[in-house]
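Read through the structure below, which is laid out as structure tokens, and then see the notes.
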Amino acid sequence: MADHHTTDVCVVGAGPAGLALSLLLLRSGVHVTLVERATGFRREFRGEILQPGGMAVLDALGVLAGARDRGSRAHRGFRLVDGDRTLLDIDYGRLGAPYDHLLAVGQEHVLEELLTACEQLPSFRYLGGHRVSGLLRDEDRYTGVVADGGPAAAPHTVRARFVVGADGRYSRTRRLAGIDAGRMDVFAQDVVWFKVHAPGRSVDRVRVHRSAGRAVLVYGSHPDRLQIGWTVPHRGWNEVAARGLDFVKGELARALPEFADLVDEQLTSLSELKLLDVFAGRAAEWVRDGLVLIGDAAHTHSPLGAQGINLALQDAAVLHPVLLDALAADATSMLDRFTELRSGDIDAVFRFQVAQSKAMLGRPNPVADTMRQVLGGLVTRTPLGTALTRRIAHGRTPVQVRTDLFTTRPAPKERA
């Protein structure tokens, strides 16, 4: 038989945005049902870098230390290099403790810590392994979702006062609401990702290597791994792949000579490379009739600058008090405040990422490379660098978690 239940807020998607928002609401005494298509988090994630702004949100929720202790790598900042030359060095040490670094941490660890914290609160219901098949709607507002758990399971009907779509760049919630994704193909590159084991050979910065070929991103990942992202022409991976594994390994060896041996030994098939279609996206609406979109469901970004998880967590922190006000007044129109608060910051990230992509990933050019080195020196040695670092780390408008709105506390966590 079908299962029917009622809640205050139904969140779709157990990624960083959906889980963080769920926990924020639960701590404020709100009943939350979270619907997630996957049955667990044991899958390959590519987004691992936490910016200080995202770390601050997780820390305020009490889950950062647990995620970090599961396995992580601290990085001192970003570095753009071309051969032996450093064109740009962004040092996060300028920001001061405790958020004076980047943190590479398995996304599954972050999600597991957030879910565990949610499950400690009695007003939480989790529907893992359930896919949203429909949105419920009365005359003037969305009132819940229908979630299917597979052929052998009865569907769940979740009635809610508000629905939040936090189900990623290909959001089903967004599609069911008929909201255009607003895709913008403004980046010239896609990225193919893979990892290699590199005991004792990690790096202490997130690095972008420019070369005569294509730019390569590399950073240290727990445990004793390097995460490598090779940029290829946008929508051109099939043409590159057609040239074969040896060609790909040769290009990577030219870009990363210090790790050429690891790539040669461990990259044994093109199937080990995971393609990320890089595009920007800004949904036509983030709020409609009791429905609100956050994170990648609302706006999609390039991996350059490690902004995706950061923005998702900040979205959750900004929406939290807005949703509390809307619940108290039972007014869907109050959700418009979320769009007002986040639009400028998100648009600023879009503009900055497009400029970053052209400056850092563009094809080599003697004049442009000289200008990059001159500007990079100014950023490295002047107060401009501190301001730029703070902007990348925390966004145009730093976000604060409204812990003063918390009314419930989790039970003490038992650890094995």
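Simple scheme: letters A, B, ... for chains in structure tokens order, numbers from 1 for residues in each chain, numbers from 1 for ligands in the order shown.
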For region 54-143 of chain A versus region 196-206 of chain A, which residues have an atom no more than 12 Å away, and what is each residue's nearest atom pair and distance in Å rounded to one decimal, using only C-alpha atoms, chain-then-number order, as CSV?
residue,atom,partner,partner_atom,distance
A:Arg73,CA,A:Asp204,CA,8.4
A:Ala74,CA,A:Asp204,CA,7.2
A:His75,CA,A:Arg205,CA,4.7
A:Arg76,CA,A:Arg205,CA,5.3
A:Gly77,CA,A:Arg205,CA,5.1
A:Phe78,CA,A:Val206,CA,4.8
A:Arg79,CA,A:Val206,CA,6.3
A:Leu80,CA,A:Val206,CA,8.7
A:Val81,CA,A:Val206,CA,10.8
A:Leu88,CA,A:Val206,CA,11.7
A:Asp89,CA,A:Arg205,CA,9.2
A:Ile90,CA,A:Arg205,CA,9.2
A:Asp91,CA,A:Arg205,CA,8.9
A:Tyr92,CA,A:Arg205,CA,9.8
A:Gly93,CA,A:Arg205,CA,11.6
A:His101,CA,A:Arg205,CA,9.2
A:Leu102,CA,A:Arg205,CA,8.4
A:Leu103,CA,A:Val206,CA,9.9
A:Ala104,CA,A:Val206,CA,9.4
Could the residues in this selection be written to a file with N, CA, C and O atoms, as a PDB file, in the first residue's frame?
ATOM      1  N   ARG A  73      42.961  16.157   3.242  1.00  0.00           N
ATOM      2  CA  ARG A  73      44.252  16.768   2.935  1.00  0.00           C
ATOM      3  C   ARG A  73      44.080  18.281   2.939  1.00  0.00           C
ATOM      4  O   ARG A  73      43.209  18.817   2.243  1.00  0.00           O
ATOM      5  N   ALA A  74      44.888  18.970   3.726  1.00  0.00           N
ATOM      6  CA  ALA A  74      44.868  20.433   3.725  1.00  0.00           C
ATOM      7  C   ALA A  74      45.780  20.948   2.614  1.00  0.00           C
ATOM      8  O   ALA A  74      46.850  20.374   2.355  1.00  0.00           O
ATOM      9  N   HIS A  75      45.360  22.027   1.948  1.00  0.00           N
ATOM     10  CA  HIS A  75      46.153  22.661   0.898  1.00  0.00           C
ATOM     11  C   HIS A  75      46.306  24.143   1.219  1.00  0.00           C
ATOM     12  O   HIS A  75      45.350  24.796   1.641  1.00  0.00           O
ATOM     13  N   ARG A  76      47.503  24.651   1.002  1.00  0.00           N
ATOM     14  CA  ARG A  76      47.809  26.030   1.396  1.00  0.00           C
ATOM     15  C   ARG A  76      47.192  27.065   0.486  1.00  0.00           C
ATOM     16  O   ARG A  76      47.108  28.238   0.833  1.00  0.00           O
ATOM     17  N   GLY A  77      46.766  26.659  -0.718  1.00  0.00           N
ATOM     18  CA  GLY A  77      46.176  27.627  -1.630  1.00  0.00           C
ATOM     19  C   GLY A  77      46.145  27.108  -3.043  1.00  0.00           C
ATOM     20  O   GLY A  77      46.204  25.895  -3.286  1.00  0.00           O
ATOM     21  N   PHE A  78      46.042  28.047  -4.007  1.00  0.00           N
ATOM     22  CA  PHE A  78      46.051  27.742  -5.432  1.00  0.00           C
ATOM     23  C   PHE A  78      47.360  28.222  -6.045  1.00  0.00           C
ATOM     24  O   PHE A  78      47.898  29.267  -5.663  1.00  0.00           O
ATOM     25  N   ARG A  79      47.833  27.479  -7.042  1.00  0.00           N
ATOM     26  CA  ARG A  79      49.017  27.915  -7.771  1.00  0.00           C
ATOM     27  C   ARG A  79      48.835  27.628  -9.258  1.00  0.00           C
ATOM     28  O   ARG A  79      48.450  26.505  -9.634  1.00  0.00           O
ATOM     29  N   LEU A  80      49.110  28.618 -10.092  1.00  0.00           N
ATOM     30  CA  LEU A  80      49.102  28.478 -11.546  1.00  0.00           C
ATOM     31  C   LEU A  80      50.547  28.445 -12.011  1.00  0.00           C
ATOM     32  O   LEU A  80      51.326  29.375 -11.732  1.00  0.00           O
ATOM     33  N   VAL A  81      50.930  27.369 -12.690  1.00  0.00           N
ATOM     34  CA  VAL A  81      52.322  27.214 -13.123  1.00  0.00           C
ATOM     35  C   VAL A  81      52.371  26.933 -14.616  1.00  0.00           C
ATOM     36  O   VAL A  81      51.438  26.386 -15.206  1.00  0.00           O
ATOM     37  N   LEU A  88      50.971  32.479 -10.805  1.00  0.00           N
ATOM     38  CA  LEU A  88      50.045  33.006  -9.807  1.00  0.00           C
ATOM     39  C   LEU A  88      50.092  32.102  -8.584  1.00  0.00           C
ATOM     40  O   LEU A  88      50.052  30.883  -8.706  1.00  0.00           O
ATOM     41  N   ASP A  89      50.197  32.711  -7.405  1.00  0.00           N
ATOM     42  CA  ASP A  89      50.217  31.948  -6.166  1.00  0.00           C
ATOM     43  C   ASP A  89      49.256  32.613  -5.187  1.00  0.00           C
ATOM     44  O   ASP A  89      49.491  33.736  -4.735  1.00  0.00           O
ATOM     45  N   ILE A  90      48.147  31.935  -4.893  1.00  0.00           N
ATOM     46  CA  ILE A  90      47.144  32.470  -3.969  1.00  0.00           C
ATOM     47  C   ILE A  90      47.298  31.729  -2.652  1.00  0.00           C
ATOM     48  O   ILE A  90      46.992  30.542  -2.553  1.00  0.00           O
ATOM     49  N   ASP A  91      47.794  32.440  -1.640  1.00  0.00           N
ATOM     50  CA  ASP A  91      48.138  31.856  -0.352  1.00  0.00           C
ATOM     51  C   ASP A  91      47.004  32.075   0.644  1.00  0.00           C
ATOM     52  O   ASP A  91      46.735  33.201   1.056  1.00  0.00           O
ATOM     53  N   TYR A  92      46.354  30.987   1.064  1.00  0.00           N
ATOM     54  CA  TYR A  92      45.240  31.090   2.005  1.00  0.00           C
ATOM     55  C   TYR A  92      45.707  31.376   3.433  1.00  0.00           C
ATOM     56  O   TYR A  92      44.886  31.710   4.296  1.00  0.00           O
ATOM     57  N   GLY A  93      47.023  31.277   3.673  1.00  0.00           N
ATOM     58  CA  GLY A  93      47.541  31.629   4.977  1.00  0.00           C
ATOM     59  C   GLY A  93      47.288  33.086   5.335  1.00  0.00           C
ATOM     60  O   GLY A  93      47.296  33.459   6.508  1.00  0.00           O
ATOM     61  N   HIS A 101      43.157  27.661   4.896  1.00  0.00           N
ATOM     62  CA  HIS A 101      43.587  26.630   3.960  1.00  0.00           C
ATOM     63  C   HIS A 101      42.372  26.127   3.187  1.00  0.00           C
ATOM     64  O   HIS A 101      41.223  26.462   3.504  1.00  0.00           O
ATOM     65  N   LEU A 102      42.633  25.360   2.162  1.00  0.00           N
ATOM     66  CA  LEU A 102      41.614  24.573   1.474  1.00  0.00           C
ATOM     67  C   LEU A 102      41.657  23.168   2.054  1.00  0.00           C
ATOM     68  O   LEU A 102      42.694  22.721   2.538  1.00  0.00           O
ATOM     69  N   LEU A 103      40.534  22.464   1.984  1.00  0.00           N
ATOM     70  CA  LEU A 103      40.492  21.110   2.532  1.00  0.00           C
ATOM     71  C   LEU A 103      39.933  20.157   1.491  1.00  0.00           C
ATOM     72  O   LEU A 103      38.802  20.307   1.043  1.00  0.00           O
ATOM     73  N   ALA A 104      40.756  19.200   1.100  1.00  0.00           N
ATOM     74  CA  ALA A 104      40.292  18.129   0.226  1.00  0.00           C
ATOM     75  C   ALA A 104      39.782  17.002   1.110  1.00  0.00           C
ATOM     76  O   ALA A 104      40.549  16.382   1.848  1.00  0.00           O
TER      77      ALA A 104
END
Identify, with DSSP run on backbone atoms, the residues in region 264-352 of chain A assigned to alpha helix (DSSP H), and express the list as a ChimeraX atom specification.
/A:264-266,308-329,336-352
Produce a file of the selected residues containing C-alpha atoms, as a short mmCIF file (atom, residue, chain, number, x, y, z; two decimals), in the first residue's frame.
data_model
loop_
_atom_site.label_atom_id
_atom_site.label_comp_id
_atom_site.auth_asym_id
_atom_site.auth_seq_id
_atom_site.Cartn_x
_atom_site.Cartn_y
_atom_site.Cartn_z
CA ASP A 264 52.09 5.73 -17.25
CA GLU A 265 51.87 2.91 -14.69
CA GLN A 266 48.35 3.43 -13.40
CA GLY A 308 30.39 24.16 -6.19
CA ILE A 309 30.20 22.67 -2.66
CA ASN A 310 30.97 26.06 -1.14
CA LEU A 311 28.01 27.72 -2.84
CA ALA A 312 25.68 24.81 -2.07
CA LEU A 313 26.44 25.00 1.65
CA GLN A 314 26.09 28.77 1.66
CA ASP A 315 22.74 28.52 -0.15
CA ALA A 316 21.51 26.27 2.65
CA ALA A 317 22.68 28.71 5.31
CA VAL A 318 20.99 31.66 3.59
CA LEU A 319 17.72 29.80 2.94
CA HIS A 320 17.47 28.53 6.52
CA PRO A 321 16.14 31.75 8.19
CA VAL A 322 14.09 32.61 5.10
CA LEU A 323 12.28 29.29 5.30
CA LEU A 324 11.70 29.69 9.03
CA ASP A 325 10.02 33.05 8.40
CA ALA A 326 7.93 31.58 5.57
CA LEU A 327 6.84 28.68 7.78
CA ALA A 328 5.90 31.01 10.63
CA ALA A 329 3.81 33.22 8.36
CA ASP A 336 11.48 35.44 -2.80
CA ARG A 337 13.87 36.82 -0.23
CA PHE A 338 16.23 33.93 -1.00
CA THR A 339 16.54 35.03 -4.63
CA GLU A 340 17.13 38.61 -3.53
CA LEU A 341 19.89 37.59 -1.13
CA ARG A 342 21.76 35.18 -3.42
CA SER A 343 21.37 36.49 -6.98
CA GLY A 344 24.14 39.09 -6.84
CA ASP A 345 26.62 36.73 -5.23
CA ILE A 346 25.95 33.92 -7.68
CA ASP A 347 26.16 36.24 -10.69
CA ALA A 348 29.49 37.53 -9.40
CA VAL A 349 30.84 33.96 -9.24
CA PHE A 350 29.70 33.34 -12.83
CA ARG A 351 31.53 36.42 -14.09
CA PHE A 352 34.65 35.62 -12.12
#
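Using only C-alpha atoms, the nearest neighbour of Ile49 (chain A) within the list A:Ala306, A:Leu270, A:Asp289, A:Arg141 is A:Ala306.
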Please measure the separation of CA of Tyr142 (chain A) and CA of Met334 (chain A), giving the value in Å to one decimal.
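Computing the Euclidean distance for CA of Tyr142 (chain A) and CA of Met334 (chain A) yields 14.6 Å.
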Quick one: pick out all strand (DSSP E or B) residues within region 122-322 of chain A from a backbone DSSP run and write them as number ranges by chain.
A: 124-128, 131-137, 142-148, 156-165, 183-184, 189-197, 206-210, 216-221, 225-233, 274-276, 280-282, 287-288, 291-293, 299-300
Keeping only C-alpha atoms, write the selected residues to a file as a PDB file, in the first residue's frame.
ATOM      1  CA  PHE A 124      13.694  13.747  10.540  1.00  0.00           C
ATOM      2  CA  ARG A 125      12.569  11.145   8.024  1.00  0.00           C
ATOM      3  CA  TYR A 126      14.921   9.851   5.342  1.00  0.00           C
ATOM      4  CA  LEU A 127      13.715   8.149   2.163  1.00  0.00           C
ATOM      5  CA  GLY A 128      16.920   6.781   0.669  1.00  0.00           C
ATOM      6  CA  ARG A 131      13.147   8.765  -6.874  1.00  0.00           C
ATOM      7  CA  VAL A 132      10.750  11.684  -7.097  1.00  0.00           C
ATOM      8  CA  SER A 133       8.198  10.888  -9.801  1.00  0.00           C
ATOM      9  CA  GLY A 134       5.853  13.807  -9.346  1.00  0.00           C
ATOM     10  CA  LEU A 135       5.181  17.056  -7.558  1.00  0.00           C
ATOM     11  CA  LEU A 136       1.956  17.566  -5.635  1.00  0.00           C
ATOM     12  CA  ARG A 137       0.180  20.847  -6.175  1.00  0.00           C
ATOM     13  CA  TYR A 142       3.315  23.033  -4.464  1.00  0.00           C
ATOM     14  CA  THR A 143       2.343  20.814  -1.552  1.00  0.00           C
ATOM     15  CA  GLY A 144       4.721  17.840  -1.680  1.00  0.00           C
ATOM     16  CA  VAL A 145       6.140  15.028  -3.792  1.00  0.00           C
ATOM     17  CA  VAL A 146       5.485  11.458  -4.844  1.00  0.00           C
ATOM     18  CA  ALA A 147       8.573   9.295  -4.311  1.00  0.00           C
ATOM     19  CA  ASP A 148       9.015   5.816  -5.818  1.00  0.00           C
ATOM     20  CA  HIS A 156       5.461   7.459  -0.824  1.00  0.00           C
ATOM     21  CA  THR A 157       3.267  10.526  -0.895  1.00  0.00           C
ATOM     22  CA  VAL A 158       4.919  13.274   1.116  1.00  0.00           C
ATOM     23  CA  ARG A 159       2.713  16.264   1.889  1.00  0.00           C
ATOM     24  CA  ALA A 160       4.736  19.343   2.857  1.00  0.00           C
ATOM     25  CA  ARG A 161       4.222  23.020   3.447  1.00  0.00           C
ATOM     26  CA  PHE A 162       7.294  23.763   1.338  1.00  0.00           C
ATOM     27  CA  VAL A 163       9.392  21.753  -1.144  1.00  0.00           C
ATOM     28  CA  VAL A 164      13.111  22.288  -1.731  1.00  0.00           C
ATOM     29  CA  GLY A 165      14.826  20.963  -4.850  1.00  0.00           C
ATOM     30  CA  ARG A 183      22.296  26.301 -19.457  1.00  0.00           C
ATOM     31  CA  MET A 184      25.093  28.527 -20.778  1.00  0.00           C
ATOM     32  CA  GLN A 189      36.890  23.252 -21.855  1.00  0.00           C
ATOM     33  CA  ASP A 190      35.468  20.097 -20.352  1.00  0.00           C
ATOM     34  CA  VAL A 191      37.458  18.106 -17.777  1.00  0.00           C
ATOM     35  CA  VAL A 192      38.287  14.409 -17.605  1.00  0.00           C
ATOM     36  CA  TRP A 193      39.151  13.266 -14.080  1.00  0.00           C
ATOM     37  CA  PHE A 194      41.095  10.344 -12.646  1.00  0.00           C
ATOM     38  CA  LYS A 195      43.122   9.461  -9.539  1.00  0.00           C
ATOM     39  CA  VAL A 196      46.531   7.895  -9.099  1.00  0.00           C
ATOM     40  CA  HIS A 197      48.115   6.442  -5.967  1.00  0.00           C
ATOM     41  CA  VAL A 206      45.751  22.952  -5.694  1.00  0.00           C
ATOM     42  CA  ARG A 207      47.733  23.422  -8.881  1.00  0.00           C
ATOM     43  CA  VAL A 208      46.834  24.310 -12.443  1.00  0.00           C
ATOM     44  CA  HIS A 209      49.567  23.351 -14.896  1.00  0.00           C
ATOM     45  CA  ARG A 210      49.627  25.132 -18.212  1.00  0.00           C
ATOM     46  CA  VAL A 216      45.834  20.093 -16.078  1.00  0.00           C
ATOM     47  CA  LEU A 217      44.496  20.480 -12.543  1.00  0.00           C
ATOM     48  CA  VAL A 218      46.066  18.438  -9.745  1.00  0.00           C
ATOM     49  CA  TYR A 219      45.674  18.241  -5.985  1.00  0.00           C
ATOM     50  CA  GLY A 220      46.334  15.828  -3.135  1.00  0.00           C
ATOM     51  CA  SER A 221      43.508  13.533  -2.086  1.00  0.00           C
ATOM     52  CA  ARG A 225      46.305   9.944  -3.983  1.00  0.00           C
ATOM     53  CA  LEU A 226      46.466  12.675  -6.563  1.00  0.00           C
ATOM     54  CA  GLN A 227      43.265  13.872  -8.187  1.00  0.00           C
ATOM     55  CA  ILE A 228      44.030  14.922 -11.765  1.00  0.00           C
ATOM     56  CA  GLY A 229      41.745  16.808 -14.117  1.00  0.00           C
ATOM     57  CA  TRP A 230      42.790  17.169 -17.756  1.00  0.00           C
ATOM     58  CA  THR A 231      41.053  19.878 -19.759  1.00  0.00           C
ATOM     59  CA  VAL A 232      39.842  19.005 -23.253  1.00  0.00           C
ATOM     60  CA  PRO A 233      37.896  21.083 -25.795  1.00  0.00           C
ATOM     61  CA  LYS A 274      35.466  10.351 -16.050  1.00  0.00           C
ATOM     62  CA  LEU A 275      34.207  13.157 -18.251  1.00  0.00           C
ATOM     63  CA  LEU A 276      32.694  16.266 -16.663  1.00  0.00           C
ATOM     64  CA  ALA A 280      27.279  27.314 -16.415  1.00  0.00           C
ATOM     65  CA  GLY A 281      23.615  27.302 -15.570  1.00  0.00           C
ATOM     66  CA  ARG A 282      21.175  29.623 -13.874  1.00  0.00           C
ATOM     67  CA  VAL A 287      11.381  30.184  -6.291  1.00  0.00           C
ATOM     68  CA  ARG A 288       7.871  29.317  -7.432  1.00  0.00           C
ATOM     69  CA  LEU A 291       9.032  25.474  -4.222  1.00  0.00           C
ATOM     70  CA  VAL A 292      12.632  26.668  -3.967  1.00  0.00           C
ATOM     71  CA  LEU A 293      15.745  25.432  -5.788  1.00  0.00           C
ATOM     72  CA  HIS A 299      22.929  27.398 -10.489  1.00  0.00           C
ATOM     73  CA  THR A 300      25.714  25.272 -11.994  1.00  0.00           C
TER      74      THR A 300
END
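By chain and then residue number, the residues within 7 Å of Ser171 (chain A) are Asp167, Arg175 and Ala297 of chain A, counting only C-alpha atoms and disregarding those fewer than 4 positions away in sequence.
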To one decimal place, how far is CA of Phe406 (chain A) from CA of Leu95 (chain A) in Å?
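Result for CA of Phe406 (chain A) versus CA of Leu95 (chain A): 28.2 Å, one decimal.
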Considering only C-alpha atoms, state which residue in the set A:Thr116, A:Asn238, A:Gln107, A:Ser22 is at the smallest distance from Ser72 (chain A).
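Counting only C-alpha atoms, the residue closest to Ser72 (chain A) is A:Gln107.
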Rounded to one decimal, what separation in Å do you get between CA of Cys10 (chain A) and CA of Gly178 (chain A)?
18.5 Å
Contact residues around Val57 (chain A) with only C-alpha atoms at 7 Å, ignoring same-chain residues under 3 positions, as a VMD selection string:
chain A and resid 53 to 54 60 to 61 313 401
Taking only C-alpha atoms into account, name the residue in A:Gly106, A:Gly385, A:Gly29, A:Gly244 that is nearest to Leu121 (chain A).
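With only C-alpha atoms as the atom set, the closest residue is A:Gly29.
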With a distance cut-off of 10 Å and only C-alpha atoms, select the neighbouring residues of Pro98 (chain A), excluding the residue or stretch itself and same-chain residues fewer than 6 positions from it, and output the selection as a list in words.
Pro52, Met55 and Ala56 of chain A
Could you save those same residues with N, CA and C atoms as a PDB file, in the first residue's frame?
ATOM      1  N   PRO A  52      37.064  27.879   2.655  1.00  0.00           N
ATOM      2  CA  PRO A  52      36.807  28.325   4.022  1.00  0.00           C
ATOM      3  C   PRO A  52      35.346  28.665   4.296  1.00  0.00           C
ATOM      4  N   MET A  55      33.643  25.412   4.846  1.00  0.00           N
ATOM      5  CA  MET A  55      34.104  24.837   6.109  1.00  0.00           C
ATOM      6  C   MET A  55      33.423  25.506   7.296  1.00  0.00           C
ATOM      7  N   ALA A  56      33.245  26.828   7.225  1.00  0.00           N
ATOM      8  CA  ALA A  56      32.615  27.553   8.328  1.00  0.00           C
ATOM      9  C   ALA A  56      31.180  27.086   8.548  1.00  0.00           C
TER      10      ALA A  56
END
